[in-house]
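Trainee: Pasting structure02.txt below, which is compact mmCIF, C-alpha atoms and all ligand atoms.
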```
# COMPACT_ATOMS: atom_id res chain seq x y z
CA MET A 18 0.00 0.00 0.00
CA SER A 19 1.26 3.51 -0.71
CA ILE A 20 0.34 6.95 0.62
CA PRO A 21 -1.43 8.64 -2.31
CA PRO A 22 -0.34 12.10 -3.44
CA CYS A 23 -2.53 15.18 -3.53
CA THR A 24 -1.53 17.14 -6.60
CA ASP A 25 -4.01 20.02 -6.33
CA SER A 26 -2.69 23.56 -6.40
CA MET A 27 -2.11 24.49 -2.75
CA LEU A 28 -1.89 28.28 -2.89
CA LYS A 29 -4.52 30.67 -4.14
CA ASP A 30 -4.39 32.23 -7.59
CA GLY A 31 -2.54 35.53 -7.62
CA THR A 32 -0.25 34.64 -4.69
CA PHE A 33 2.75 35.85 -6.72
CA ASP A 34 1.08 38.68 -8.64
CA GLY A 35 3.64 41.44 -9.24
CA LYS A 36 6.55 39.29 -7.99
CA THR A 37 9.52 38.26 -10.10
CA ILE A 38 11.20 34.94 -9.39
CA ILE A 39 14.32 33.46 -11.00
CA VAL A 40 14.74 29.67 -11.22
CA THR A 41 18.19 28.40 -12.22
CA GLY A 42 18.05 25.18 -14.20
CA GLY A 43 14.42 26.11 -14.86
CA GLY A 44 14.33 24.69 -18.38
CA THR A 45 13.88 21.06 -17.33
CA GLY A 46 12.82 18.68 -14.58
CA LEU A 47 11.97 19.95 -11.13
CA GLY A 48 13.08 23.52 -11.91
CA ARG A 49 10.58 23.60 -14.72
CA SER A 50 7.78 22.19 -12.55
CA MET A 51 8.44 24.67 -9.72
CA GLY A 52 8.73 27.56 -12.18
CA GLN A 53 5.56 26.66 -14.01
CA TYR A 54 3.59 26.63 -10.75
CA LEU A 55 4.99 30.02 -9.69
CA SER A 56 4.00 31.38 -13.08
CA GLN A 57 0.53 29.84 -12.74
CA LEU A 58 0.24 31.67 -9.40
CA GLY A 59 0.99 34.98 -11.08
CA ALA A 60 4.77 35.40 -10.91
CA ASN A 61 6.89 36.98 -13.60
CA LEU A 62 9.15 34.00 -14.16
CA VAL A 63 12.80 34.08 -15.23
CA ILE A 64 14.58 30.82 -16.06
CA GLY A 65 18.26 30.19 -16.75
CA GLY A 66 20.28 27.22 -17.95
CA ARG A 67 23.26 26.51 -20.21
CA ARG A 68 21.24 25.39 -23.25
CA ALA A 69 19.65 28.45 -24.84
CA ASP A 70 17.34 26.37 -27.05
CA VAL A 71 15.91 24.45 -24.08
CA ILE A 72 15.35 27.67 -22.14
CA ALA A 73 13.65 29.42 -25.06
CA GLU A 74 11.37 26.47 -25.77
CA THR A 75 10.40 25.98 -22.11
CA ALA A 76 9.77 29.71 -21.59
CA ALA A 77 7.46 29.83 -24.61
CA GLU A 78 5.56 26.70 -23.56
CA MET A 79 5.14 27.85 -19.96
CA ALA A 80 3.94 31.33 -20.94
CA LYS A 81 1.37 29.73 -23.24
CA GLU A 82 0.14 27.42 -20.50
CA THR A 83 -0.05 29.95 -17.66
CA GLY A 84 -0.84 33.14 -19.57
CA ASN A 85 1.86 35.00 -17.64
CA GLU A 86 5.19 36.37 -18.80
CA VAL A 87 8.14 33.97 -18.75
CA TRP A 88 11.57 35.15 -19.84
CA GLY A 89 14.72 33.11 -20.02
CA ASP A 90 18.29 33.28 -21.17
CA SER A 91 21.30 31.01 -21.35
CA CYS A 92 23.25 31.28 -18.11
CA ASP A 93 25.99 29.06 -16.75
CA VAL A 94 25.82 29.52 -12.98
CA ARG A 95 29.56 28.79 -12.74
CA GLU A 96 30.23 32.11 -14.48
CA PRO A 97 29.53 35.18 -12.29
CA GLU A 98 29.26 37.49 -15.34
CA GLN A 99 26.53 35.28 -16.82
CA VAL A 100 24.68 35.26 -13.50
CA GLU A 101 24.90 39.07 -13.32
CA ALA A 102 23.62 39.29 -16.89
CA LEU A 103 20.59 37.12 -16.12
CA ILE A 104 19.71 39.27 -13.11
CA ASP A 105 20.23 42.46 -15.17
CA GLY A 106 17.92 41.06 -17.83
CA ALA A 107 15.26 40.22 -15.23
CA ILE A 108 15.41 43.72 -13.71
CA GLU A 109 15.32 45.37 -17.13
CA ARG A 110 12.22 43.39 -18.02
CA PHE A 111 10.31 43.33 -14.75
CA GLY A 112 11.76 46.20 -12.68
CA ALA A 113 12.99 44.12 -9.73
CA VAL A 114 13.62 40.58 -8.54
CA ASP A 115 11.88 39.21 -5.44
CA GLY A 116 13.18 35.68 -5.18
CA LEU A 117 15.53 33.07 -6.61
CA ILE A 118 15.50 29.28 -6.53
CA ASN A 119 19.00 27.76 -6.70
CA ASN A 120 17.96 24.58 -8.51
CA ALA A 121 20.66 24.08 -11.19
CA ALA A 122 22.79 21.01 -10.52
CA GLY A 123 25.17 18.53 -12.07
CA ASN A 124 25.61 14.96 -10.88
CA PHE A 125 26.45 11.40 -11.95
CA ILE A 126 27.22 8.12 -10.20
CA CYS A 127 30.83 7.00 -10.13
CA PRO A 128 33.20 5.30 -7.67
CA THR A 129 35.15 8.20 -6.22
CA GLU A 130 38.56 6.72 -6.98
CA ARG A 131 37.65 6.75 -10.66
CA LEU A 132 36.89 10.47 -10.75
CA SER A 133 39.31 12.84 -12.44
CA TYR A 134 40.05 16.15 -10.72
CA ASN A 135 37.99 17.84 -13.38
CA ALA A 136 35.03 15.51 -12.84
CA PHE A 137 34.98 16.23 -9.10
CA ASN A 138 35.41 19.97 -9.60
CA THR A 139 32.77 20.18 -12.31
CA VAL A 140 30.00 18.97 -10.00
CA VAL A 141 31.20 21.08 -7.05
CA ASP A 142 31.46 24.12 -9.33
CA ILE A 143 27.90 23.80 -10.63
CA VAL A 144 26.26 22.96 -7.32
CA LEU A 145 28.18 24.91 -4.68
CA ARG A 146 29.93 27.65 -6.61
CA GLY A 147 26.88 28.12 -8.86
CA THR A 148 24.66 28.57 -5.82
CA SER A 149 27.05 30.94 -4.08
CA ASN A 150 27.47 32.95 -7.31
CA CYS A 151 23.71 33.46 -7.64
CA THR A 152 23.27 34.13 -3.93
CA LEU A 153 26.05 36.72 -3.79
CA ALA A 154 25.01 38.46 -6.98
CA LEU A 155 21.38 38.91 -5.96
CA GLY A 156 21.95 39.26 -2.21
CA LYS A 157 24.37 42.18 -2.70
CA ARG A 158 21.88 43.94 -4.94
CA TRP A 159 19.04 43.50 -2.45
CA ILE A 160 21.20 44.79 0.40
CA ASP A 161 22.40 47.80 -1.63
CA ALA A 162 18.83 48.63 -2.66
CA GLY A 163 17.35 48.02 0.82
CA ARG A 164 15.00 45.43 -0.68
CA SER A 165 13.90 42.20 0.95
CA GLY A 166 14.01 38.89 -0.89
CA THR A 167 13.78 35.12 -0.62
CA PHE A 168 16.16 32.36 -1.65
CA LEU A 169 15.26 28.69 -1.88
CA ASN A 170 18.07 26.17 -2.31
CA ILE A 171 17.42 22.67 -3.60
CA VAL A 172 19.64 20.16 -1.80
CA THR A 173 19.24 16.42 -1.10
CA THR A 174 18.98 14.29 2.03
CA TYR A 175 22.55 13.10 1.56
CA ALA A 176 23.60 16.68 2.29
CA TRP A 177 23.62 15.49 5.93
CA THR A 178 23.84 11.70 5.66
CA GLY A 179 26.53 11.72 2.99
CA SER A 180 26.47 9.08 0.24
CA GLY A 181 29.01 7.02 -1.62
CA TYR A 182 29.13 7.10 -5.43
CA VAL A 183 27.88 10.72 -5.62
CA VAL A 184 30.57 12.21 -3.39
CA PRO A 185 31.13 15.53 -5.24
CA SER A 186 27.39 16.15 -5.17
CA ALA A 187 27.12 15.23 -1.47
CA VAL A 188 30.03 17.54 -0.59
CA ALA A 189 28.56 20.39 -2.61
CA LYS A 190 24.98 19.99 -1.37
CA ALA A 191 26.26 19.95 2.22
CA GLY A 192 27.98 23.24 1.46
CA VAL A 193 24.76 24.66 0.04
CA LEU A 194 22.90 23.65 3.19
CA MET A 195 25.49 25.45 5.33
CA LEU A 196 25.27 28.49 3.08
CA THR A 197 21.51 28.46 3.64
CA ARG A 198 21.74 28.25 7.42
CA SER A 199 24.65 30.68 7.76
CA LEU A 200 23.17 33.43 5.62
CA ALA A 201 19.69 33.00 7.10
CA SER A 202 21.23 34.22 10.30
CA GLU A 203 23.54 36.86 8.80
CA TRP A 204 21.13 38.37 6.28
CA GLY A 205 17.90 38.25 8.29
CA LYS A 206 18.62 41.83 9.34
CA TYR A 207 18.36 42.87 5.68
CA GLY A 208 14.97 41.19 5.24
CA ILE A 209 16.49 38.34 3.25
CA ARG A 210 15.24 34.82 3.94
CA LEU A 211 16.92 31.59 2.87
CA ASN A 212 15.47 28.09 3.10
CA ALA A 213 16.20 24.74 1.50
CA ILE A 214 14.25 21.73 0.30
CA ALA A 215 15.70 18.22 0.36
CA PRO A 216 13.71 16.16 -2.13
CA GLY A 217 13.75 12.38 -2.14
CA PRO A 218 13.30 10.60 -5.47
CA PHE A 219 11.28 12.60 -8.00
CA PRO A 220 11.59 11.14 -11.50
CA THR A 221 13.19 13.51 -14.02
CA LYS A 222 15.03 12.75 -17.23
CA GLY A 223 18.15 14.60 -16.05
CA ALA A 224 18.49 12.75 -12.75
CA TRP A 225 17.24 9.34 -13.84
CA SER A 226 19.51 9.14 -16.90
CA ARG A 227 22.57 9.90 -14.78
CA LEU A 228 21.72 8.16 -11.51
CA MET A 229 19.45 5.30 -12.53
CA PRO A 230 20.78 3.78 -15.75
CA ASP A 231 18.56 0.95 -17.10
CA ALA A 232 21.01 -1.67 -15.88
CA LEU A 233 20.50 -0.54 -12.27
CA LYS A 234 16.77 0.13 -12.34
CA GLU A 235 15.59 -3.25 -11.05
CA LEU A 236 18.32 -3.51 -8.46
CA PHE A 237 17.76 -0.03 -7.18
CA ASP A 238 14.10 0.89 -7.67
CA PRO A 239 13.85 4.08 -5.54
CA ALA A 240 10.14 3.51 -4.76
CA ASN A 241 11.12 0.41 -2.77
CA ARG A 242 13.22 2.54 -0.42
CA VAL A 243 10.40 4.91 0.47
CA PRO A 244 8.04 4.14 3.40
CA ALA A 245 5.29 6.03 1.55
CA GLY A 246 5.66 3.34 -1.14
CA ARG A 247 6.18 5.58 -4.13
CA VAL A 248 8.28 8.30 -5.72
CA GLY A 249 7.30 11.97 -5.48
CA GLU A 250 4.94 13.86 -7.78
CA HIS A 251 6.32 17.12 -9.15
CA GLN A 252 3.29 19.10 -7.95
CA GLU A 253 3.97 17.99 -4.38
CA LEU A 254 7.39 19.60 -4.60
CA ALA A 255 6.03 22.64 -6.46
CA ASN A 256 3.46 23.21 -3.69
CA LEU A 257 6.19 23.18 -1.03
CA ALA A 258 8.52 25.39 -3.06
CA ALA A 259 5.79 27.94 -3.74
CA TYR A 260 4.89 28.04 -0.04
CA LEU A 261 8.53 28.63 0.95
CA MET A 262 8.88 31.36 -1.68
CA SER A 263 5.65 33.05 -0.59
CA ASP A 264 4.94 35.48 2.22
CA TYR A 265 2.90 32.76 3.95
CA SER A 266 6.22 31.29 5.13
CA ALA A 267 7.66 34.65 6.24
CA TYR A 268 8.60 33.26 9.67
CA ILE A 269 10.47 30.23 8.26
CA ASN A 270 14.12 31.14 7.84
CA GLY A 271 17.21 28.92 7.63
CA ASP A 272 15.35 25.65 7.58
CA CYS A 273 15.56 22.68 5.28
CA ILE A 274 12.32 20.82 4.64
CA THR A 275 12.62 17.19 3.59
CA ILE A 276 10.07 15.85 1.10
CA ASP A 277 10.98 12.21 0.59
CA GLY A 278 8.12 10.03 1.88
CA GLY A 279 10.38 9.02 4.79
CA GLU A 280 13.17 7.62 2.59
CA TRP A 281 16.23 8.79 4.47
CA LEU A 282 14.92 7.86 7.90
CA ARG A 283 14.17 4.34 6.75
CA GLY A 284 17.81 4.04 5.74
CA ALA A 285 18.99 5.50 9.05
CA GLY A 286 16.92 3.60 11.64
CA GLN A 287 18.92 0.55 12.69
CA PHE A 288 15.91 -1.76 13.09
CA ASN A 289 13.81 -0.59 10.15
CA GLY A 290 14.88 -3.66 8.17
CA LEU A 291 12.69 -5.70 10.51
CA GLU A 292 9.71 -4.87 8.32
CA MET A 293 10.69 -7.98 6.36
CA VAL A 294 9.68 -10.11 9.37
CA THR A 295 6.20 -11.62 8.85
CA GLY A 296 3.43 -11.80 11.47
CA GLU A 297 4.07 -15.52 11.84
CA GLN A 298 7.76 -14.97 12.37
CA TRP A 299 6.96 -12.32 15.01
CA ASP A 300 4.79 -14.90 16.82
CA GLN A 301 7.74 -17.29 16.93
CA LEU A 302 10.21 -14.60 17.92
CA GLN A 303 8.02 -13.26 20.67
CA ALA A 304 7.38 -16.75 22.00
CA MET A 305 11.15 -17.12 22.30
CA MET A 306 12.02 -13.64 23.54
CA LYS A 307 9.14 -12.19 25.56
CA PRO A 308 9.66 -12.77 29.29
CA LYS A 309 6.87 -14.69 31.02
CA LYS A 310 4.99 -12.70 33.69
CA GLY A 311 6.25 -13.47 37.19
C1 LIG B 1 32.85 9.82 -14.48
C2 LIG B 1 32.38 11.78 -15.63
C3 LIG B 1 31.06 11.33 -15.88
C4 LIG B 1 30.68 10.04 -15.38
C5 LIG B 1 31.31 13.29 -16.79
N1 LIG B 1 32.49 12.98 -16.21
N2 LIG B 1 30.42 12.30 -16.60
N3 LIG B 1 33.27 11.03 -14.94
N4 LIG B 1 31.61 9.32 -14.69
N5 LIG B 1 29.45 9.58 -15.56
C6 LIG B 1 33.69 13.78 -16.21
C7 LIG B 1 34.20 14.08 -17.60
O1 LIG B 1 34.99 13.00 -18.12
C8 LIG B 1 35.05 15.32 -17.36
O2 LIG B 1 36.28 15.02 -16.78
C9 LIG B 1 34.25 16.06 -16.27
O3 LIG B 1 33.42 15.07 -15.66
C10 LIG B 1 33.38 17.16 -16.85
O4 LIG B 1 32.55 16.57 -17.83
P1 LIG B 1 31.93 17.43 -19.02
O5 LIG B 1 31.02 16.53 -19.77
O6 LIG B 1 33.01 18.13 -19.76
O7 LIG B 1 31.16 18.55 -18.17
P2 LIG B 1 29.89 19.39 -18.52
O8 LIG B 1 29.59 19.39 -19.98
O9 LIG B 1 30.05 20.68 -17.81
O10 LIG B 1 28.67 18.53 -17.84
C11 LIG B 1 28.49 18.51 -16.45
C12 LIG B 1 28.01 17.15 -15.98
C13 LIG B 1 26.78 16.66 -16.77
C14 LIG B 1 27.73 17.28 -14.49
C15 LIG B 1 29.13 16.12 -16.17
O11 LIG B 1 26.28 15.41 -16.24
C16 LIG B 1 25.66 17.66 -16.76
O12 LIG B 1 25.61 18.51 -17.62
N6 LIG B 1 24.73 17.59 -15.82
C17 LIG B 1 23.61 18.57 -15.66
C18 LIG B 1 22.30 17.96 -15.27
C19 LIG B 1 22.35 16.94 -14.17
O13 LIG B 1 23.40 16.40 -13.80
N7 LIG B 1 21.16 16.66 -13.65
C20 LIG B 1 21.00 15.69 -12.57
C21 LIG B 1 20.86 16.37 -11.27
S1 LIG B 1 20.25 15.15 -10.24
P3 LIG B 1 37.65 14.94 -17.64
O14 LIG B 1 38.71 14.70 -16.64
O15 LIG B 1 37.47 13.80 -18.58
O16 LIG B 1 37.79 16.27 -18.33
C22 LIG B 1 20.68 15.38 -8.67
C23 LIG B 1 19.89 14.46 -7.75
C24 LIG B 1 20.46 14.27 -6.43
O17 LIG B 1 21.50 16.17 -8.35
C25 LIG B 1 19.75 13.30 -5.49
C26 LIG B 1 19.00 12.16 -6.06
C27 LIG B 1 18.27 11.33 -5.01
P1 LIG B 2 17.67 18.21 -14.26
O1 LIG B 2 16.40 18.21 -15.06
O2 LIG B 2 18.86 17.63 -14.91
O3 LIG B 2 17.93 19.67 -13.77
C1 LIG B 2 19.17 20.27 -13.68
C2 LIG B 2 19.09 21.59 -14.39
O4 LIG B 2 20.28 22.33 -14.09
C3 LIG B 2 19.02 21.47 -15.89
O5 LIG B 2 17.96 22.27 -16.37
C4 LIG B 2 20.35 21.99 -16.40
O6 LIG B 2 20.17 22.68 -17.63
C5 LIG B 2 20.73 22.95 -15.28
N1 LIG B 2 22.17 23.15 -15.18
C6 LIG B 2 23.14 22.21 -15.06
N2 LIG B 2 24.36 22.79 -15.00
C7 LIG B 2 24.12 24.12 -15.07
C8 LIG B 2 24.97 25.26 -15.05
N3 LIG B 2 26.29 25.12 -14.96
N4 LIG B 2 24.40 26.48 -15.13
C9 LIG B 2 23.05 26.62 -15.22
N5 LIG B 2 22.22 25.59 -15.24
C10 LIG B 2 22.74 24.35 -15.17
O7 LIG B 2 17.47 17.38 -12.90
P2 LIG B 2 16.39 17.53 -11.73
O8 LIG B 2 16.14 16.16 -11.22
O9 LIG B 2 15.24 18.35 -12.18
O10 LIG B 2 17.21 18.30 -10.61
C11 LIG B 2 16.81 19.59 -10.15
C12 LIG B 2 17.32 19.81 -8.74
O11 LIG B 2 16.73 18.88 -7.84
C13 LIG B 2 18.82 19.65 -8.58
O12 LIG B 2 19.31 20.61 -7.66
C14 LIG B 2 18.96 18.28 -7.99
O13 LIG B 2 20.15 18.10 -7.27
C15 LIG B 2 17.74 18.25 -7.09
N6 LIG B 2 17.28 16.93 -6.69
C16 LIG B 2 16.63 16.14 -7.57
C17 LIG B 2 16.16 14.91 -7.15
C18 LIG B 2 15.39 14.01 -8.06
O14 LIG B 2 15.02 12.92 -7.63
N7 LIG B 2 15.11 14.40 -9.28
C19 LIG B 2 16.38 14.50 -5.83
C20 LIG B 2 17.06 15.34 -4.97
C21 LIG B 2 17.50 16.57 -5.40
P3 LIG B 2 21.37 22.82 -18.71
O15 LIG B 2 21.94 21.44 -18.88
O16 LIG B 2 20.70 23.37 -19.92
O17 LIG B 2 22.34 23.79 -18.12
```
Please express the file's structure as structure tokens.
Mentor:
Amino acid sequence: MSIPPCTDSMLKDGTFDGKTIIVTGGGTGLGRSMGQYLSQLGANLVIGGRRADVIAETAAEMAKETGNEVWGDSCDVREPEQVEALIDGAIERFGAVDGLINNAAGNFICPTERLSYNAFNTVVDIVLRGTSNCTLALGKRWIDAGRSGTFLNIVTTYAWTGSGYVVPSAVAKAGVLMLTRSLASEWGKYGIRLNAIAPGPFPTKGAWSRLMPDALKELFDPANRVPAGRVGEHQELANLAAYLMSDYSAYINGDCITIDGGEWLRGAGQFNGLEMVTGEQWDQLQAMMKPKKG
């Protein structure tokens, strides 16, 4: 049995009217789903990613579906000048920026001893340096202008558990989580909020093709690891992201909300594997182990 999702829109129409939100890596996957929902709720949406064609196509499709303005440009978050240019473009178009979701990421599975220096650095550069580039660029502008704003950083649960075979990503996501918590404290006085989301498995082409090659799918079906009995639905994540970007969550600052159906805790609890024990086996075990009264 699984816990069924509710994929209704959680926030009311117009929640983001007049607000401008940037989503890095917004051309595909979860970035696209979060962006589309913000746009549906009234935001002026700005998306960035390295592939200009993907960004242009997604922006056009989203605008058509939501009826609101979506603008995008190619932007490699590893390059501060490109990040500055995306923010400049957003301000030119919409007058100001109110929030940014650091969603862009790079990742692949590989035994760590097989990684080249460049392979390790590439993932860390996209995830950690990319996030700090975007955060610095926009945070400095907000502080200079005396404007408030909201950041949302997409991490993973292995940001605190660690994980083999994705070590550069784990190291970088842990850094992003610390950036979130540290700046939530330091920049609160400027009216800037930072939070994070740690998603469990949410199927996307980008993640699945790199982390779940066909040969591993049966061995490593992520749904089997989740107490809720299933993978996540994009709208479930979009609802949480929109809430954390909205004024409804104004008193949440520096937190990381996990949305994984209980996946990481199942892996962590030492006795959780006992769920394989049947009722009959429990009868036998208890007959052997339970002390008799008196
Ligand atoms: C070993 C690899 C590799 C692999 C690339 N490299 N893929 N090494 N195993 N599978 C090495 C290359 O040989 C090269 O090193 C270095 O990494 C850089 O590779 P490039 O292809 O030149 O880099 P680039 O074009 O910048 O691409 C970055 C990328 C790529 C990270 C390698 O996968 C990418 O573009 N990813 C973006 C999208 C993505 O990853 N989405 C998934 C996010 S999912 P050398 O030494 O040869 O030069 C996610 C989920 C987390 O984060 C949690 C899930 C539960
Ligand atoms: P995805 O579709 O591959 O998304 C990654 C996006 O980042 C792509 O749009 C990619 O576009 C962009 N990107 C990569 N490198 C970039 C760079 N240097 N500059 C700018 N953009 C860059 O994968 P996803 O599953 O949706 O992942 C989205 C986020 O969720 C990531 O932070 C990921 O770590 C996190 N996450 C996902 C899962 C999951 O199960 N899917 C679980 C936990 C966490 P370009 O290639 O065009 O640049």
Trainee: Please list as a list in words every residue within 6 Å of segment 269-286 of chain A, counting only C-alpha atoms and excluding residues in the same chain fewer than 2 positions away.
Mentor: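 Counting only the stated atoms, we get Thr197, Arg198, Ala201, Arg210, Leu211, Asn212, Ala213, Ile214, Ala215, Pro216, Gly217, Arg242, Val243, Pro244, Ala245, Ser266, Ala267, Phe288 and Asn289 of chain A.
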Trainee: I'd like the neighbourhood of Leu28 of chain A as JSON, numbers by chain, where a residue qualifies if any of its atoms comes within 8 Å (using all atoms listed in the file), though same-chain residues fewer than 4 positions away should be ignored.
Mentor: {"A": [32, 58, 256, 259, 260]}
Trainee: At most 6 Å is the cut-off: for each residue in chain A with any atom that close to an atom of ligand LIG 2 (chain B), write down the nearest atom pair and the distance in Å rounded to one decimal, counting all atoms listed in the file, chain first then increasing number, as JSON lines.
Mentor:
```
{"residue": "A:Thr41", "atom": "CA", "partner": "B:LIG2", "partner_atom": "N5", "distance": 5.8}
{"residue": "A:Gly42", "atom": "CA", "partner": "B:LIG2", "partner_atom": "O4", "distance": 3.6}
{"residue": "A:Gly43", "atom": "CA", "partner": "B:LIG2", "partner_atom": "O5", "distance": 5.4}
{"residue": "A:Gly44", "atom": "CA", "partner": "B:LIG2", "partner_atom": "O5", "distance": 4.8}
{"residue": "A:Thr45", "atom": "CA", "partner": "B:LIG2", "partner_atom": "O5", "distance": 4.4}
{"residue": "A:Gly46", "atom": "CA", "partner": "B:LIG2", "partner_atom": "O9", "distance": 3.4}
{"residue": "A:Leu47", "atom": "CA", "partner": "B:LIG2", "partner_atom": "O9", "distance": 3.8}
{"residue": "A:Gly48", "atom": "CA", "partner": "B:LIG2", "partner_atom": "O9", "distance": 5.6}
{"residue": "A:Gly66", "atom": "CA", "partner": "B:LIG2", "partner_atom": "N5", "distance": 3.7}
{"residue": "A:Arg67", "atom": "CA", "partner": "B:LIG2", "partner_atom": "O17", "distance": 3.6}
{"residue": "A:Arg68", "atom": "CA", "partner": "B:LIG2", "partner_atom": "O16", "distance": 3.9}
{"residue": "A:Cys92", "atom": "CA", "partner": "B:LIG2", "partner_atom": "C9", "distance": 5.5}
{"residue": "A:Asp93", "atom": "CA", "partner": "B:LIG2", "partner_atom": "N4", "distance": 3.4}
{"residue": "A:Val94", "atom": "CA", "partner": "B:LIG2", "partner_atom": "N4", "distance": 4.0}
{"residue": "A:Arg95", "atom": "CA", "partner": "B:LIG2", "partner_atom": "N3", "distance": 5.4}
{"residue": "A:Asn120", "atom": "CA", "partner": "B:LIG2", "partner_atom": "O12", "distance": 4.3}
{"residue": "A:Ala121", "atom": "CA", "partner": "B:LIG2", "partner_atom": "O4", "distance": 3.4}
{"residue": "A:Ala122", "atom": "CA", "partner": "B:LIG2", "partner_atom": "O12", "distance": 4.5}
{"residue": "A:Gly123", "atom": "CA", "partner": "B:LIG2", "partner_atom": "C6", "distance": 5.2}
{"residue": "A:Ile143", "atom": "CA", "partner": "B:LIG2", "partner_atom": "N3", "distance": 4.8}
{"residue": "A:Ile171", "atom": "CA", "partner": "B:LIG2", "partner_atom": "O12", "distance": 4.9}
{"residue": "A:Val172", "atom": "CA", "partner": "B:LIG2", "partner_atom": "C21", "distance": 5.5}
{"residue": "A:Thr173", "atom": "CA", "partner": "B:LIG2", "partner_atom": "C20", "distance": 4.6}
{"residue": "A:Pro216", "atom": "CA", "partner": "B:LIG2", "partner_atom": "C20", "distance": 4.5}
{"residue": "A:Gly217", "atom": "CA", "partner": "B:LIG2", "partner_atom": "C19", "distance": 5.0}
{"residue": "A:Pro218", "atom": "CA", "partner": "B:LIG2", "partner_atom": "O14", "distance": 3.6}
{"residue": "A:Phe219", "atom": "CA", "partner": "B:LIG2", "partner_atom": "O14", "distance": 3.8}
{"residue": "A:Pro220", "atom": "CA", "partner": "B:LIG2", "partner_atom": "N7", "distance": 5.3}
{"residue": "A:Thr221", "atom": "CA", "partner": "B:LIG2", "partner_atom": "O8", "distance": 4.9}
{"residue": "A:Gly223", "atom": "CA", "partner": "B:LIG2", "partner_atom": "O2", "distance": 3.3}
{"residue": "A:Ala224", "atom": "CA", "partner": "B:LIG2", "partner_atom": "O8", "distance": 4.4}
```
Trainee: Could you put an axis-aligned box around every listed atom of ligand LIG 1 (chain B), padded by 6 Å on each side, and send me its centre and edge lengths in Å to one decimal, as JSON?
Mentor:
```
{"center_x": 28.5, "center_y": 15.0, "center_z": -12.5, "size_x": 32.4, "size_y": 23.4, "size_z": 27.0}
```
Trainee: Pick out the closest residue to Val184 of chain A from this set: A:Glu130, A:Asp25, A:Glu297, A:Asp161. Count only C-alpha atoms.
Mentor: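 The closest residue to Val184 of chain A is A:Glu130.
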Trainee: For ligand LIG 1 (chain B), which of A:Gly246, A:Gly166, A:Pro128, A:Gly296 is the closest residue, counting only C-alpha atoms and all ligand atoms?
Mentor: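 Selected residue with least distance to ligand LIG 1 (chain B): A:Pro128.
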Trainee: Hey, what's within 8 Å of Val193 of chain A if we count all atoms listed in the file and toss same-chain stuff fewer than 5 positions away? As a list in words, please?
Mentor: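 The contact residues come out as Val144, Leu145, Thr148, Ser149, Asn170 and Val172 of chain A.
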Trainee: Closest to ligand LIG 1 (chain B) among A:Trp204, A:Phe33, A:Trp159, A:Phe237, using all atoms listed in the file?
Mentor: A:Phe237
Trainee: Tell me, in Å to one decimal, how far atom O16 of ligand LIG 1 (chain B) is from atom CA of Ser133 of chain A.
Mentor: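 Atom-to-atom, atom O16 of ligand LIG 1 (chain B) to atom CA of Ser133 of chain A, that is 7.0 Å.
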Trainee: Between A:Gly163, A:Gly311, A:Pro185, A:Gly59, single out the one closest to ligand LIG 1 (chain B), counting only C-alpha atoms and all ligand atoms.
Mentor: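 Smallest separation from ligand LIG 1 (chain B) among the options: A:Pro185.
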Trainee: Would you please work out which residue, of A:Ser180, A:Gln298, A:Gln57, A:Ser199, is nearest to Gly84 of chain A when using all atoms listed in the file?
Mentor: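 Closest to Gly84 of chain A of all the choices is A:Gln57.
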Trainee: Could you jot down the atom O15 of ligand LIG 1 (chain B) to atom CA of Asn135 of chain A separation for me, Å, one decimal place?
Mentor: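 Computed distance, atom O15 of ligand LIG 1 (chain B) to atom CA of Asn135 of chain A, equals 6.6 Å.
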Trainee: Give me, please, the distance in Å between atom CA of Ala113 of chain A and atom CA of Lys157 of chain A, quoted to one decimal.
Mentor: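 Calculated distance between atom CA of Ala113 of chain A and atom CA of Lys157 of chain A is 13.5 Å.
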Trainee: When distances are computed from all atoms listed in the file, which of A:Val40, A:Ala255, A:Ser56, A:Glu250 shows the smallest separation from Lys81 of chain A?
Mentor: A:Ser56
Trainee: Can you pull out the residues contacting segment 74-78 of chain A? Cut-off 7 Å, using all atoms listed in the file, and skip same-chain residues under 2 positions away; I want them as a PyMOL selection string.
Mentor: chain A and resi 44+70-72+80-82+87-89
Trainee: Could the residues in this selection be saved with C-alpha atoms as a compact mmCIF listing (two decimals), in the frame of the given file?
Mentor:
```txt
# COMPACT_ATOMS: atom_id res chain seq x y z
CA GLY A 44 14.33 24.69 -18.38
CA ASP A 70 17.34 26.37 -27.05
CA VAL A 71 15.91 24.45 -24.08
CA ILE A 72 15.35 27.67 -22.14
CA ALA A 80 3.94 31.33 -20.94
CA LYS A 81 1.37 29.73 -23.24
CA GLU A 82 0.14 27.42 -20.50
CA VAL A 87 8.14 33.97 -18.75
CA TRP A 88 11.57 35.15 -19.84
CA GLY A 89 14.72 33.11 -20.02
```
Trainee: Can you pull out every residue within 9 Å of Ile160 of chain A, counting all atoms listed in the file, but drop anything in the same chain fewer than 4 positions away, and send it as a ChimeraX atom specification?
Mentor: /A:155-156,164-165,204,207-209
Trainee: Write a file of the just-selected residues containing C-alpha atoms, as a PDB file, in the frame of the given file.
Mentor:
```
ATOM      1  CA  LEU A 155      21.380  38.910  -5.960  1.00  0.00           C
ATOM      2  CA  GLY A 156      21.950  39.260  -2.210  1.00  0.00           C
ATOM      3  CA  ARG A 164      15.000  45.430  -0.680  1.00  0.00           C
ATOM      4  CA  SER A 165      13.900  42.200   0.950  1.00  0.00           C
ATOM      5  CA  TRP A 204      21.130  38.370   6.280  1.00  0.00           C
ATOM      6  CA  TYR A 207      18.360  42.870   5.680  1.00  0.00           C
ATOM      7  CA  GLY A 208      14.970  41.190   5.240  1.00  0.00           C
ATOM      8  CA  ILE A 209      16.490  38.340   3.250  1.00  0.00           C
TER       9      ILE A 209
END
```
